[in-house]
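Enquirer: Sharing a structure below in structure tokens format, with a few things to ask.
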Amino acid sequence: MAFYDLSKEERVQVVETIFTDCKSDFENQVFDNLENYFSDEDTYIRKSAYQSVGKIYNSNFQLQKGILNQLAILFKNENEKIRQTVINSVGEIGMYYFEDVVHFFDIGLFDTHHSVRNAVIGSMKKMGEKNPNPILEWSKKYLHHPDKEIRREICHGIELRGRTHPEDILPLLKELQFDETKRVYKTLVHVIGQISYKKNCLSKVIAHLNTWENKKLIQEAVDEIVDVHSEKRYAKFTALTQKEVIDYIDKFLVINKE
């Protein structure tokens, strides 16, 4: 039976059991429960497992070294679901102890399976929201990596921090403004739109775009910002109406005055 086919009370019990089983594996340095939960077909079982790992690591100092060693072994497993769940686990740890797990991300960025690489992006987002400085510093070294997918993943991974603090990621995004790879370029435009619609964010985005040189990109980014504020996108969640956004851009975007 799937996780969300269970009653609320049954789900609570399952989560508690997963936590207890994972902690037992770490205490006894075995892998039976970890391998079963990390490879489960149900996304929510795997999620409960990696969230349990984060809680165990953060509250049991004496287990931390052993946990990292066991995760390193699991990370070599041929099952991509296990590797994916390892990355999500170290993402939970990295929200507070990024330096302990950075090497997992250095490897995970280049994993052969897209689900593992996507887990890196997801982990970057949640870590960047809670623990931005080391994640952004780490991201910088991959901004100009020869592999276009690495550049795209980094661009996408820093997005969530930008939704509340666009000033933190705009200097990194600016370095990608002349990237000629379509997937990187499209992701960059997408991220600029995503970091524009929360309260007090649009002014920071437009002010920074005024320092960019790629006029074609600026125009496409502005079109995306306007579209994000439309009824078909996020109008229910935006701080400003689409008309207010258009008026603001017309007034303050330098490219409109040239």
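Identifiers in this document derive from the order of the structure tokens: chains are assigned A, B, ..., residues are numbered from 1 separately in each chain, and ligands are numbered from 1 in order of occurrence.
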Go through range 6-88 of chain A and collect every residue that DSSP, computed from the backbone, puts in alpha helix (DSSP H); the answer should be as a compact mmCIF listing (two decimals) with all heavy atoms, in the first residue's frame.
Expert:
```txt
# COMPACT_ATOMS: atom_id res chain seq x y z
N LYS A 8 -3.85 9.08 8.27
CA LYS A 8 -2.88 9.99 8.86
C LYS A 8 -2.16 9.33 10.03
O LYS A 8 -0.92 9.45 10.16
CB LYS A 8 -3.58 11.26 9.33
CG LYS A 8 -2.63 12.29 9.92
CD LYS A 8 -3.35 13.56 10.31
CE LYS A 8 -2.38 14.58 10.91
NZ LYS A 8 -3.08 15.83 11.31
N GLU A 9 -2.89 8.62 10.85
CA GLU A 9 -2.29 7.95 12.01
C GLU A 9 -1.31 6.87 11.57
O GLU A 9 -0.22 6.71 12.16
CB GLU A 9 -3.39 7.32 12.87
CG GLU A 9 -4.29 8.31 13.58
CD GLU A 9 -5.31 8.97 12.66
OE1 GLU A 9 -5.54 8.42 11.54
OE2 GLU A 9 -5.86 10.02 13.04
N GLU A 10 -1.66 6.15 10.51
CA GLU A 10 -0.77 5.10 10.00
C GLU A 10 0.49 5.72 9.39
O GLU A 10 1.59 5.17 9.55
CB GLU A 10 -1.51 4.26 8.95
CG GLU A 10 -2.58 3.36 9.53
CD GLU A 10 -3.42 2.68 8.48
OE1 GLU A 10 -3.69 3.32 7.43
OE2 GLU A 10 -3.80 1.51 8.67
N ARG A 11 0.34 6.85 8.73
CA ARG A 11 1.52 7.52 8.15
C ARG A 11 2.47 7.98 9.24
O ARG A 11 3.70 7.85 9.10
CB ARG A 11 1.09 8.70 7.27
CG ARG A 11 0.32 8.31 6.03
CD ARG A 11 0.31 9.44 5.00
NE ARG A 11 -0.27 10.67 5.48
CZ ARG A 11 -1.56 10.99 5.43
NH1 ARG A 11 -2.42 10.12 4.90
NH2 ARG A 11 -2.01 12.15 5.87
N VAL A 12 1.93 8.51 10.32
CA VAL A 12 2.76 8.94 11.45
C VAL A 12 3.54 7.75 12.00
O VAL A 12 4.75 7.86 12.28
CB VAL A 12 1.89 9.57 12.56
CG1 VAL A 12 2.70 9.78 13.84
CG2 VAL A 12 1.31 10.90 12.08
N GLN A 13 2.89 6.63 12.10
CA GLN A 13 3.55 5.43 12.62
C GLN A 13 4.64 4.95 11.68
O GLN A 13 5.73 4.54 12.12
CB GLN A 13 2.53 4.31 12.84
CG GLN A 13 3.12 3.06 13.46
CD GLN A 13 3.79 3.33 14.79
OE1 GLN A 13 3.17 3.88 15.70
NE2 GLN A 13 5.07 2.96 14.92
N VAL A 14 4.38 5.01 10.38
CA VAL A 14 5.38 4.59 9.40
C VAL A 14 6.62 5.48 9.50
O VAL A 14 7.76 5.00 9.49
CB VAL A 14 4.80 4.63 7.97
CG1 VAL A 14 5.92 4.50 6.93
CG2 VAL A 14 3.79 3.51 7.77
N VAL A 15 6.41 6.78 9.60
CA VAL A 15 7.53 7.72 9.70
C VAL A 15 8.35 7.44 10.96
O VAL A 15 9.60 7.45 10.93
CB VAL A 15 7.01 9.18 9.71
CG1 VAL A 15 8.14 10.15 10.06
CG2 VAL A 15 6.42 9.53 8.35
N GLU A 16 7.69 7.17 12.06
CA GLU A 16 8.40 6.86 13.30
C GLU A 16 9.19 5.57 13.18
O GLU A 16 10.33 5.47 13.67
CB GLU A 16 7.39 6.75 14.45
CG GLU A 16 6.77 8.08 14.84
CD GLU A 16 5.72 7.93 15.94
OE1 GLU A 16 5.42 6.78 16.33
OE2 GLU A 16 5.21 8.98 16.42
N THR A 17 8.61 4.58 12.50
CA THR A 17 9.30 3.31 12.30
C THR A 17 10.54 3.49 11.43
O THR A 17 11.61 2.94 11.72
CB THR A 17 8.36 2.27 11.65
OG1 THR A 17 7.25 2.04 12.54
CG2 THR A 17 9.08 0.96 11.39
N ILE A 18 10.40 4.26 10.37
CA ILE A 18 11.54 4.52 9.48
C ILE A 18 12.66 5.21 10.25
O ILE A 18 13.83 4.85 10.12
CB ILE A 18 11.10 5.37 8.27
CG1 ILE A 18 10.19 4.55 7.36
CG2 ILE A 18 12.31 5.89 7.49
CD1 ILE A 18 9.54 5.34 6.23
N PHE A 19 12.32 6.20 11.04
CA PHE A 19 13.32 6.90 11.85
C PHE A 19 14.05 5.92 12.76
O PHE A 19 15.29 5.91 12.82
CB PHE A 19 12.66 8.00 12.67
CG PHE A 19 13.61 8.76 13.55
CD1 PHE A 19 14.24 9.90 13.09
CD2 PHE A 19 13.88 8.34 14.85
CE1 PHE A 19 15.13 10.61 13.90
CE2 PHE A 19 14.76 9.03 15.67
CZ PHE A 19 15.38 10.17 15.19
N THR A 20 13.29 5.11 13.48
CA THR A 20 13.88 4.15 14.42
C THR A 20 14.77 3.14 13.70
O THR A 20 15.87 2.81 14.17
CB THR A 20 12.76 3.40 15.18
OG1 THR A 20 11.97 4.36 15.90
CG2 THR A 20 13.35 2.39 16.17
N ASP A 21 14.31 2.65 12.56
CA ASP A 21 15.08 1.66 11.80
C ASP A 21 16.38 2.25 11.26
O ASP A 21 17.44 1.61 11.30
CB ASP A 21 14.24 1.12 10.64
CG ASP A 21 13.12 0.19 11.11
OD1 ASP A 21 13.15 -0.23 12.28
OD2 ASP A 21 12.23 -0.11 10.28
N CYS A 22 16.31 3.47 10.75
CA CYS A 22 17.52 4.12 10.22
C CYS A 22 18.53 4.36 11.35
O CYS A 22 19.73 4.12 11.20
CB CYS A 22 17.16 5.44 9.54
SG CYS A 22 16.29 5.27 7.97
N LYS A 23 18.03 4.85 12.47
CA LYS A 23 18.91 5.10 13.61
C LYS A 23 19.57 3.80 14.08
O LYS A 23 20.77 3.76 14.40
CB LYS A 23 18.13 5.74 14.75
CG LYS A 23 19.00 6.26 15.90
CD LYS A 23 18.16 7.13 16.83
CE LYS A 23 19.03 7.78 17.91
NZ LYS A 23 19.44 6.83 18.93
N SER A 24 18.80 2.73 14.08
CA SER A 24 19.35 1.43 14.48
C SER A 24 20.46 0.99 13.53
O SER A 24 21.50 0.49 13.97
CB SER A 24 18.22 0.39 14.49
OG SER A 24 18.74 -0.90 14.77
N ASP A 25 20.27 1.19 12.23
CA ASP A 25 21.30 0.84 11.26
C ASP A 25 22.58 1.63 11.51
O ASP A 25 23.69 1.09 11.46
CB ASP A 25 20.81 1.10 9.83
CG ASP A 25 20.06 -0.09 9.26
OD1 ASP A 25 19.67 -0.98 10.03
OD2 ASP A 25 19.84 -0.12 8.03
N PHE A 26 22.44 2.92 11.78
CA PHE A 26 23.61 3.74 12.04
C PHE A 26 24.32 3.34 13.33
O PHE A 26 25.55 3.30 13.40
CB PHE A 26 23.22 5.23 12.09
CG PHE A 26 22.83 5.81 10.77
CD1 PHE A 26 21.69 6.58 10.64
CD2 PHE A 26 23.60 5.58 9.63
CE1 PHE A 26 21.33 7.12 9.42
CE2 PHE A 26 23.24 6.12 8.40
CZ PHE A 26 22.10 6.89 8.30
N GLU A 27 23.55 3.02 14.33
CA GLU A 27 24.13 2.62 15.61
C GLU A 27 24.86 1.28 15.50
O GLU A 27 25.89 1.07 16.15
CB GLU A 27 23.04 2.53 16.67
CG GLU A 27 22.49 3.89 17.09
CD GLU A 27 21.28 3.78 18.00
OE1 GLU A 27 20.61 2.72 17.99
OE2 GLU A 27 21.00 4.76 18.74
N ASN A 28 24.36 0.39 14.65
CA ASN A 28 24.93 -0.95 14.52
C ASN A 28 25.81 -1.12 13.28
O ASN A 28 26.31 -2.21 13.03
CB ASN A 28 23.80 -1.99 14.50
CG ASN A 28 23.03 -2.03 15.81
OD1 ASN A 28 23.57 -2.41 16.84
ND2 ASN A 28 21.77 -1.63 15.77
N ASP A 32 20.76 -2.88 6.24
CA ASP A 32 19.53 -3.55 5.80
C ASP A 32 18.35 -2.59 5.63
O ASP A 32 17.70 -2.56 4.59
CB ASP A 32 19.16 -4.66 6.78
CG ASP A 32 20.18 -5.79 6.77
OD1 ASP A 32 21.01 -5.82 5.85
OD2 ASP A 32 20.14 -6.62 7.69
N ASN A 33 18.04 -1.84 6.67
CA ASN A 33 16.90 -0.93 6.61
C ASN A 33 17.17 0.23 5.66
O ASN A 33 16.30 0.64 4.89
CB ASN A 33 16.58 -0.38 8.01
CG ASN A 33 16.09 -1.46 8.95
OD1 ASN A 33 15.17 -2.20 8.65
ND2 ASN A 33 16.74 -1.57 10.12
N LEU A 34 18.37 0.78 5.72
CA LEU A 34 18.72 1.91 4.87
C LEU A 34 18.56 1.55 3.39
O LEU A 34 17.97 2.31 2.61
CB LEU A 34 20.16 2.36 5.14
CG LEU A 34 20.43 3.02 6.50
CD1 LEU A 34 21.92 3.12 6.77
CD2 LEU A 34 19.77 4.40 6.55
N GLU A 35 19.09 0.42 2.98
CA GLU A 35 19.00 0.01 1.59
C GLU A 35 17.55 -0.19 1.17
O GLU A 35 17.15 0.19 0.06
CB GLU A 35 19.81 -1.26 1.34
CG GLU A 35 21.31 -1.02 1.34
CD GLU A 35 22.09 -2.28 0.98
OE1 GLU A 35 21.52 -3.39 1.13
OE2 GLU A 35 23.24 -2.15 0.56
N ASN A 36 16.75 -0.77 2.05
CA ASN A 36 15.34 -1.00 1.73
C ASN A 36 14.58 0.31 1.56
O ASN A 36 13.82 0.48 0.61
CB ASN A 36 14.68 -1.86 2.81
CG ASN A 36 15.12 -3.31 2.76
OD1 ASN A 36 15.53 -3.80 1.71
ND2 ASN A 36 15.04 -4.00 3.90
N TYR A 37 14.77 1.22 2.49
CA TYR A 37 14.04 2.48 2.43
C TYR A 37 14.57 3.37 1.30
O TYR A 37 13.80 4.03 0.61
CB TYR A 37 14.14 3.23 3.76
CG TYR A 37 13.41 2.56 4.89
CD1 TYR A 37 13.99 2.44 6.16
CD2 TYR A 37 12.13 2.05 4.72
CE1 TYR A 37 13.32 1.83 7.21
CE2 TYR A 37 11.45 1.43 5.78
CZ TYR A 37 12.05 1.32 7.01
OH TYR A 37 11.38 0.72 8.06
N PHE A 38 15.89 3.41 1.12
CA PHE A 38 16.48 4.27 0.09
C PHE A 38 16.11 3.82 -1.32
O PHE A 38 16.12 4.63 -2.25
CB PHE A 38 18.00 4.29 0.23
CG PHE A 38 18.52 5.23 1.28
CD1 PHE A 38 17.81 5.51 2.43
CD2 PHE A 38 19.76 5.86 1.12
CE1 PHE A 38 18.29 6.38 3.40
CE2 PHE A 38 20.26 6.73 2.07
CZ PHE A 38 19.53 6.99 3.22
N THR A 43 8.03 7.39 -3.42
CA THR A 43 8.79 8.62 -3.18
C THR A 43 8.72 9.05 -1.72
O THR A 43 9.71 9.54 -1.15
CB THR A 43 8.25 9.76 -4.06
OG1 THR A 43 8.38 9.39 -5.44
CG2 THR A 43 9.01 11.06 -3.81
N TYR A 44 7.55 8.89 -1.11
CA TYR A 44 7.35 9.40 0.24
C TYR A 44 8.03 8.53 1.30
O TYR A 44 8.38 9.03 2.38
CB TYR A 44 5.87 9.57 0.52
CG TYR A 44 5.25 10.60 -0.39
CD1 TYR A 44 4.50 10.22 -1.50
CD2 TYR A 44 5.46 11.96 -0.17
CE1 TYR A 44 3.96 11.17 -2.37
CE2 TYR A 44 4.93 12.91 -1.03
CZ TYR A 44 4.18 12.51 -2.12
OH TYR A 44 3.66 13.45 -2.97
N ILE A 45 8.21 7.27 0.99
CA ILE A 45 9.00 6.42 1.89
C ILE A 45 10.45 6.87 1.84
O ILE A 45 11.11 7.02 2.88
CB ILE A 45 8.88 4.93 1.50
CG1 ILE A 45 7.45 4.43 1.68
CG2 ILE A 45 9.87 4.08 2.30
CD1 ILE A 45 6.95 4.43 3.11
N ARG A 46 10.96 7.10 0.64
CA ARG A 46 12.35 7.58 0.51
C ARG A 46 12.50 8.94 1.19
O ARG A 46 13.51 9.21 1.84
CB ARG A 46 12.76 7.65 -0.96
CG ARG A 46 12.71 6.32 -1.68
CD ARG A 46 13.53 6.34 -2.97
NE ARG A 46 13.14 7.39 -3.89
CZ ARG A 46 12.15 7.30 -4.78
NH1 ARG A 46 11.40 6.21 -4.84
NH2 ARG A 46 11.89 8.31 -5.60
N LYS A 47 11.49 9.81 1.02
CA LYS A 47 11.56 11.12 1.65
C LYS A 47 11.60 11.01 3.17
O LYS A 47 12.37 11.71 3.84
CB LYS A 47 10.36 11.97 1.23
CG LYS A 47 10.37 13.38 1.80
CD LYS A 47 9.21 14.21 1.27
CE LYS A 47 9.25 15.63 1.83
NZ LYS A 47 8.12 16.45 1.31
N SER A 48 10.77 10.14 3.72
CA SER A 48 10.79 9.93 5.17
C SER A 48 12.15 9.43 5.63
O SER A 48 12.64 9.81 6.70
CB SER A 48 9.71 8.93 5.57
OG SER A 48 8.42 9.46 5.34
N ALA A 49 12.78 8.59 4.78
CA ALA A 49 14.10 8.06 5.14
C ALA A 49 15.15 9.16 5.14
O ALA A 49 15.93 9.29 6.10
CB ALA A 49 14.48 6.94 4.17
N TYR A 50 15.19 9.98 4.08
CA TYR A 50 16.27 10.98 4.04
C TYR A 50 16.03 12.10 5.06
O TYR A 50 16.98 12.68 5.60
CB TYR A 50 16.55 11.49 2.64
CG TYR A 50 15.52 12.36 1.94
CD1 TYR A 50 15.24 13.66 2.36
CD2 TYR A 50 14.89 11.92 0.77
CE1 TYR A 50 14.35 14.47 1.68
CE2 TYR A 50 14.00 12.72 0.07
CZ TYR A 50 13.73 14.00 0.53
OH TYR A 50 12.84 14.81 -0.14
N GLN A 51 14.78 12.39 5.36
CA GLN A 51 14.52 13.36 6.43
C GLN A 51 14.92 12.80 7.79
O GLN A 51 15.43 13.53 8.64
CB GLN A 51 13.05 13.77 6.42
CG GLN A 51 12.67 14.65 5.24
CD GLN A 51 11.22 15.07 5.25
OE1 GLN A 51 10.36 14.38 5.81
NE2 GLN A 51 10.91 16.19 4.62
N SER A 52 14.74 11.51 7.97
CA SER A 52 15.17 10.86 9.21
C SER A 52 16.68 10.93 9.35
O SER A 52 17.20 11.20 10.44
CB SER A 52 14.73 9.39 9.22
OG SER A 52 13.32 9.28 9.31
N VAL A 53 17.40 10.72 8.25
CA VAL A 53 18.86 10.79 8.29
C VAL A 53 19.31 12.16 8.77
O VAL A 53 20.19 12.28 9.62
CB VAL A 53 19.47 10.47 6.91
CG1 VAL A 53 20.98 10.72 6.94
CG2 VAL A 53 19.18 9.02 6.52
N GLY A 54 18.69 13.21 8.21
CA GLY A 54 19.05 14.57 8.63
C GLY A 54 18.81 14.79 10.11
O GLY A 54 19.66 15.36 10.82
N LYS A 55 17.68 14.34 10.61
CA LYS A 55 17.36 14.52 12.04
C LYS A 55 18.32 13.74 12.92
O LYS A 55 18.76 14.24 13.97
CB LYS A 55 15.92 14.07 12.29
CG LYS A 55 14.88 14.97 11.65
CD LYS A 55 13.47 14.39 11.83
CE LYS A 55 12.43 15.26 11.13
NZ LYS A 55 11.07 14.68 11.21
N ILE A 56 18.65 12.53 12.51
CA ILE A 56 19.57 11.70 13.30
C ILE A 56 20.95 12.34 13.33
O ILE A 56 21.60 12.44 14.39
CB ILE A 56 19.64 10.27 12.73
CG1 ILE A 56 18.28 9.58 12.87
CG2 ILE A 56 20.73 9.46 13.43
CD1 ILE A 56 18.13 8.33 12.03
N TYR A 57 21.43 12.80 12.18
CA TYR A 57 22.76 13.41 12.10
C TYR A 57 22.82 14.67 12.97
O TYR A 57 23.79 14.88 13.72
CB TYR A 57 23.07 13.78 10.65
CG TYR A 57 24.50 14.22 10.42
CD1 TYR A 57 25.46 13.29 10.05
CD2 TYR A 57 24.88 15.55 10.56
CE1 TYR A 57 26.78 13.68 9.83
CE2 TYR A 57 26.19 15.94 10.35
CZ TYR A 57 27.14 15.01 9.99
OH TYR A 57 28.44 15.39 9.78
N ASN A 58 21.78 15.49 12.89
CA ASN A 58 21.80 16.77 13.59
C ASN A 58 21.64 16.65 15.10
O ASN A 58 21.97 17.58 15.84
CB ASN A 58 20.69 17.68 13.04
CG ASN A 58 20.94 18.08 11.58
OD1 ASN A 58 22.08 18.10 11.13
ND2 ASN A 58 19.87 18.37 10.86
N SER A 59 21.17 15.50 15.57
CA SER A 59 20.92 15.36 17.00
C SER A 59 21.79 14.30 17.68
O SER A 59 21.64 14.05 18.87
CB SER A 59 19.45 15.01 17.24
OG SER A 59 19.09 13.81 16.59
N GLN A 64 27.81 10.95 13.82
CA GLN A 64 27.98 11.69 12.57
C GLN A 64 29.03 11.09 11.64
O GLN A 64 28.79 10.91 10.44
CB GLN A 64 28.31 13.16 12.87
CG GLN A 64 27.11 13.92 13.40
CD GLN A 64 27.42 15.38 13.67
OE1 GLN A 64 28.58 15.82 13.66
NE2 GLN A 64 26.37 16.16 13.92
N LYS A 65 30.19 10.75 12.16
CA LYS A 65 31.25 10.19 11.33
C LYS A 65 30.79 8.87 10.70
O LYS A 65 31.01 8.64 9.50
CB LYS A 65 32.53 9.98 12.14
CG LYS A 65 33.70 9.47 11.30
CD LYS A 65 34.97 9.35 12.14
CE LYS A 65 36.12 8.83 11.28
NZ LYS A 65 37.38 8.71 12.09
N GLY A 66 30.17 8.03 11.49
CA GLY A 66 29.69 6.75 10.98
C GLY A 66 28.61 6.92 9.93
O GLY A 66 28.56 6.17 8.94
N ILE A 67 27.72 7.90 10.14
CA ILE A 67 26.66 8.16 9.16
C ILE A 67 27.26 8.55 7.82
O ILE A 67 26.86 8.04 6.76
CB ILE A 67 25.72 9.27 9.68
CG1 ILE A 67 24.87 8.75 10.85
CG2 ILE A 67 24.82 9.78 8.56
CD1 ILE A 67 24.04 9.81 11.54
N LEU A 68 28.25 9.43 7.84
CA LEU A 68 28.88 9.85 6.59
C LEU A 68 29.58 8.67 5.90
O LEU A 68 29.54 8.55 4.67
CB LEU A 68 29.88 10.98 6.85
CG LEU A 68 29.29 12.31 7.34
CD1 LEU A 68 30.40 13.32 7.59
CD2 LEU A 68 28.28 12.86 6.33
N ASN A 69 30.20 7.82 6.67
CA ASN A 69 30.86 6.65 6.10
C ASN A 69 29.84 5.71 5.45
O ASN A 69 30.08 5.18 4.35
CB ASN A 69 31.65 5.90 7.17
CG ASN A 69 32.89 6.65 7.62
OD1 ASN A 69 33.39 7.52 6.91
ND2 ASN A 69 33.38 6.35 8.81
N GLN A 70 28.73 5.49 6.12
CA GLN A 70 27.71 4.60 5.57
C GLN A 70 27.05 5.20 4.33
O GLN A 70 26.78 4.50 3.35
CB GLN A 70 26.66 4.26 6.64
CG GLN A 70 27.18 3.24 7.66
CD GLN A 70 26.20 3.00 8.78
OE1 GLN A 70 26.27 3.65 9.81
NE2 GLN A 70 25.29 2.06 8.60
N LEU A 71 26.82 6.50 4.35
CA LEU A 71 26.25 7.15 3.17
C LEU A 71 27.22 7.10 1.99
O LEU A 71 26.80 6.93 0.84
CB LEU A 71 25.90 8.61 3.49
CG LEU A 71 24.73 8.83 4.45
CD1 LEU A 71 24.55 10.31 4.74
CD2 LEU A 71 23.43 8.24 3.89
N ALA A 72 28.52 7.21 2.28
CA ALA A 72 29.52 7.14 1.21
C ALA A 72 29.50 5.76 0.53
O ALA A 72 29.65 5.65 -0.69
CB ALA A 72 30.90 7.44 1.77
N ILE A 73 29.31 4.73 1.32
CA ILE A 73 29.22 3.37 0.77
C ILE A 73 27.95 3.22 -0.07
O ILE A 73 27.98 2.70 -1.20
CB ILE A 73 29.27 2.33 1.90
CG1 ILE A 73 30.64 2.34 2.57
CG2 ILE A 73 28.97 0.93 1.35
CD1 ILE A 73 30.72 1.52 3.85
N LEU A 74 26.83 3.69 0.46
CA LEU A 74 25.57 3.61 -0.28
C LEU A 74 25.61 4.42 -1.57
O LEU A 74 24.96 4.07 -2.56
CB LEU A 74 24.42 4.11 0.60
CG LEU A 74 24.00 3.20 1.75
CD1 LEU A 74 23.04 3.95 2.69
CD2 LEU A 74 23.33 1.94 1.22
N GLU A 80 20.03 3.78 -8.84
CA GLU A 80 19.99 5.24 -8.85
C GLU A 80 19.08 5.80 -7.76
O GLU A 80 19.29 6.92 -7.28
CB GLU A 80 19.55 5.77 -10.22
CG GLU A 80 18.11 5.52 -10.61
CD GLU A 80 17.91 4.15 -11.25
OE1 GLU A 80 18.89 3.38 -11.35
OE2 GLU A 80 16.77 3.87 -11.67
N LYS A 81 18.06 5.05 -7.34
CA LYS A 81 17.19 5.54 -6.26
C LYS A 81 17.96 5.64 -4.96
O LYS A 81 17.74 6.57 -4.16
CB LYS A 81 15.98 4.62 -6.10
CG LYS A 81 14.90 4.79 -7.16
CD LYS A 81 13.68 3.96 -6.84
CE LYS A 81 12.53 4.30 -7.78
NZ LYS A 81 12.86 4.04 -9.19
N ILE A 82 18.87 4.71 -4.73
CA ILE A 82 19.69 4.77 -3.52
C ILE A 82 20.63 5.97 -3.59
O ILE A 82 20.75 6.74 -2.62
CB ILE A 82 20.48 3.46 -3.33
CG1 ILE A 82 19.51 2.32 -2.96
CG2 ILE A 82 21.55 3.62 -2.24
CD1 ILE A 82 20.18 0.97 -2.76
N ARG A 83 21.26 6.17 -4.73
CA ARG A 83 22.17 7.33 -4.87
C ARG A 83 21.39 8.64 -4.75
O ARG A 83 21.85 9.61 -4.13
CB ARG A 83 22.92 7.27 -6.20
CG ARG A 83 23.78 6.03 -6.37
CD ARG A 83 24.83 6.19 -7.47
NE ARG A 83 24.29 6.62 -8.74
CZ ARG A 83 23.72 5.82 -9.66
NH1 ARG A 83 23.59 4.52 -9.40
NH2 ARG A 83 23.29 6.30 -10.82
N GLN A 84 20.21 8.67 -5.34
CA GLN A 84 19.36 9.86 -5.25
C GLN A 84 19.00 10.15 -3.79
O GLN A 84 19.06 11.31 -3.34
CB GLN A 84 18.07 9.62 -6.05
CG GLN A 84 17.07 10.77 -5.97
CD GLN A 84 15.70 10.35 -6.47
OE1 GLN A 84 15.18 9.30 -6.09
NE2 GLN A 84 15.11 11.17 -7.34
N THR A 85 18.66 9.12 -3.03
CA THR A 85 18.27 9.32 -1.64
C THR A 85 19.47 9.69 -0.78
O THR A 85 19.32 10.43 0.21
CB THR A 85 17.56 8.07 -1.09
OG1 THR A 85 16.55 7.65 -2.01
CG2 THR A 85 16.91 8.35 0.25
N VAL A 86 20.65 9.22 -1.14
CA VAL A 86 21.86 9.67 -0.44
C VAL A 86 22.03 11.17 -0.62
O VAL A 86 22.27 11.91 0.35
CB VAL A 86 23.10 8.92 -0.96
CG1 VAL A 86 24.38 9.59 -0.42
CG2 VAL A 86 23.08 7.46 -0.53
N ILE A 87 21.88 11.66 -1.86
CA ILE A 87 22.02 13.09 -2.11
C ILE A 87 20.97 13.88 -1.33
O ILE A 87 21.27 14.91 -0.71
CB ILE A 87 21.92 13.41 -3.61
CG1 ILE A 87 23.19 12.97 -4.33
CG2 ILE A 87 21.69 14.91 -3.85
CD1 ILE A 87 24.44 13.76 -3.94
N ASN A 88 19.74 13.40 -1.32
CA ASN A 88 18.71 14.09 -0.55
C ASN A 88 19.01 14.05 0.95
O ASN A 88 18.70 15.00 1.68
CB ASN A 88 17.34 13.48 -0.84
CG ASN A 88 16.77 13.92 -2.17
OD1 ASN A 88 16.91 15.08 -2.55
ND2 ASN A 88 16.13 13.03 -2.89
```
Enquirer: I'd like the contact shell of Asp223 in chain A - 12 Å cut-off, only C-alpha atoms, skipping same-chain residues fewer than 5 positions apart - returned as a count of residues only.
Expert: 15
Enquirer: List the spatial neighbours of Asn210 in chain A as JSON, numbers by chain - criterion: any atom at most 12 Å away, only C-alpha atoms, same-chain residues fewer than 4 positions off excluded.
Expert: {"A": [170, 174, 203, 204, 205, 206, 214, 215, 217, 218, 219, 221, 222, 249, 252, 253, 254, 255, 256, 257, 258]}
Enquirer: Choose the residue, out of A:Thr181, A:Asn133, A:Thr211, A:Ser115, that has the smallest atom-to-atom separation from Pro146 in chain A; count only C-alpha atoms.
Expert: A:Thr181
Enquirer: Which residues, written as number ranges by chain, have at least one atom at most 12 Å from Leu109 in chain A, with only C-alpha atoms counted and residues fewer than 5 positions away on the same chain left out?
Expert: A: 83-84, 87, 102-104, 114-124, 139, 142, 145, 147-154, 157
Enquirer: Which distance in Å separates CA of Met95 in chain A and CA of Tyr197 in chain A, to one decimal?
Expert: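 Between these atoms lies a distance of 24.8 Å.
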Enquirer: How far is it from CA of Leu188 in chain A to CA of Glu159 in chain A, in Å with one decimal?
Expert: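 If I compute the distance from CA of Leu188 in chain A to CA of Glu159 in chain A, I get 9.5 Å.
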Enquirer: Measuring atom to atom with only C-alpha atoms, identify which of A:Tyr185, A:Phe75, A:Tyr4, A:Trp138 is nearest to Gly108 in chain A.
Expert: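 That would be A:Phe75, the residue with the smallest distance to Gly108 in chain A.
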Enquirer: Could you work out how far CA of Lys126 in chain A lies from CA of Asn60 in chain A, giving the answer in Å with one decimal?
Expert: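 Computing it gives 21.6 Å between the two atoms.
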Enquirer: Counting only C-alpha atoms, which of A:Val191, A:Glu220, A:Ser89, A:Cys201 gets nearest to Leu172 in chain A?
Expert: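 For Leu172 in chain A, the nearest of the candidates is A:Val191.
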Enquirer: Name the closest residue to Asn79 in chain A among the candidates A:Thr112, A:Ala2, A:Ser39, A:Leu176; distances are taken between atoms, counting only C-alpha atoms.
Expert: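 Looking at the shortest contact to Asn79 in chain A, the residue is A:Ser39.
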Enquirer: At a cut-off of 10 Å, using only C-alpha atoms, what residues contact Asp168 in chain A? Leave out same-chain residues fewer than 6 positions from it and give the result as an MDAnalysis selection string.
Expert: chainID A and resid 132:133 136 158 161:162
